[in-house]
Amino acid sequence: PSPPPPVPAMLGPRLSRAVSGFTFLSAVVCYTLKDAAERGRASASTFATLRRGLGLGCAAHLAVVSAKLIGIDGGGLLLPGRGLWQFYANAMAVPFAAATSLLMYGLVAFAAVTPPREGVKERVLERVDKLSSKVADMVADGVAEQLAQTDQDGAP
């Protein structure tokens, strides 16, 4: 006897129980990949393997859910039958949440297959420095104009 699934999912009763664990492990992998990218080590073999595994897992999830939405197991959006609404009533009761979940898996799969670009952090920091110096110059010019205007008006 397994505990009931924590959230309604389209993966069926057995896999729905494991969704929380898989999601937690995916979050840990995403954080690890983010940290590696910030340190400039995203192209190392360990992180490339993690990125590839995350992408494959998300793609497999999207493939299974897409097949279920099409109606491969008793009917769905394209194939005749009521299997989708009969077997996955909880997930179909919240279509916005189900669509949002699919969108997030798609984004993670896309991000996982996109190769990391080297030096992005340095370029962003350079642009921020340039922008902040321009903003500081604009503020200084504005303050100087205000002081000049105040002097012309004869205010103390």
# chains A, B, ... in the order shown; residues from 1 in each chain; ligands from 1
>>> residues_around(residues="range 34-51 of chain A", least_positions_apart="3", cutoff="6 Å", atoms="only C-alpha atoms", output="ChimeraX atom specification")
/A:31,54,112
>>> atom_distance(atom1="CA of Gly75 in chain A", atom2="CA of Ala97 in chain A")
20.9 Å
>>> select_by_dssp(residues="range 14-144 of chain A", states="helix (DSSP H, G or I)", output="PyMOL selection string")
chain A and resi 14-16+19-38+45-70+83-87+89-93+95-113+120-144
>>> closest_residue(among="A:Phe22, A:Gln146, A:Val128, A:Asp73", to="Gln86 in chain A", atoms="only C-alpha atoms")
A:Asp73
>>> closest_residue(among="A:Ala59, A:Ala111, A:Leu69, A:Leu33", to="Trp85 in chain A", atoms="only C-alpha atoms")
A:Leu69
>>> atom_distance(atom1="CA of Gly55 in chain A", atom2="CA of Phe110 in chain A")
7.4 Å
>>> atom_distance(atom1="CA of Val28 in chain A", atom2="CA of Gly53 in chain A")
12.8 Å
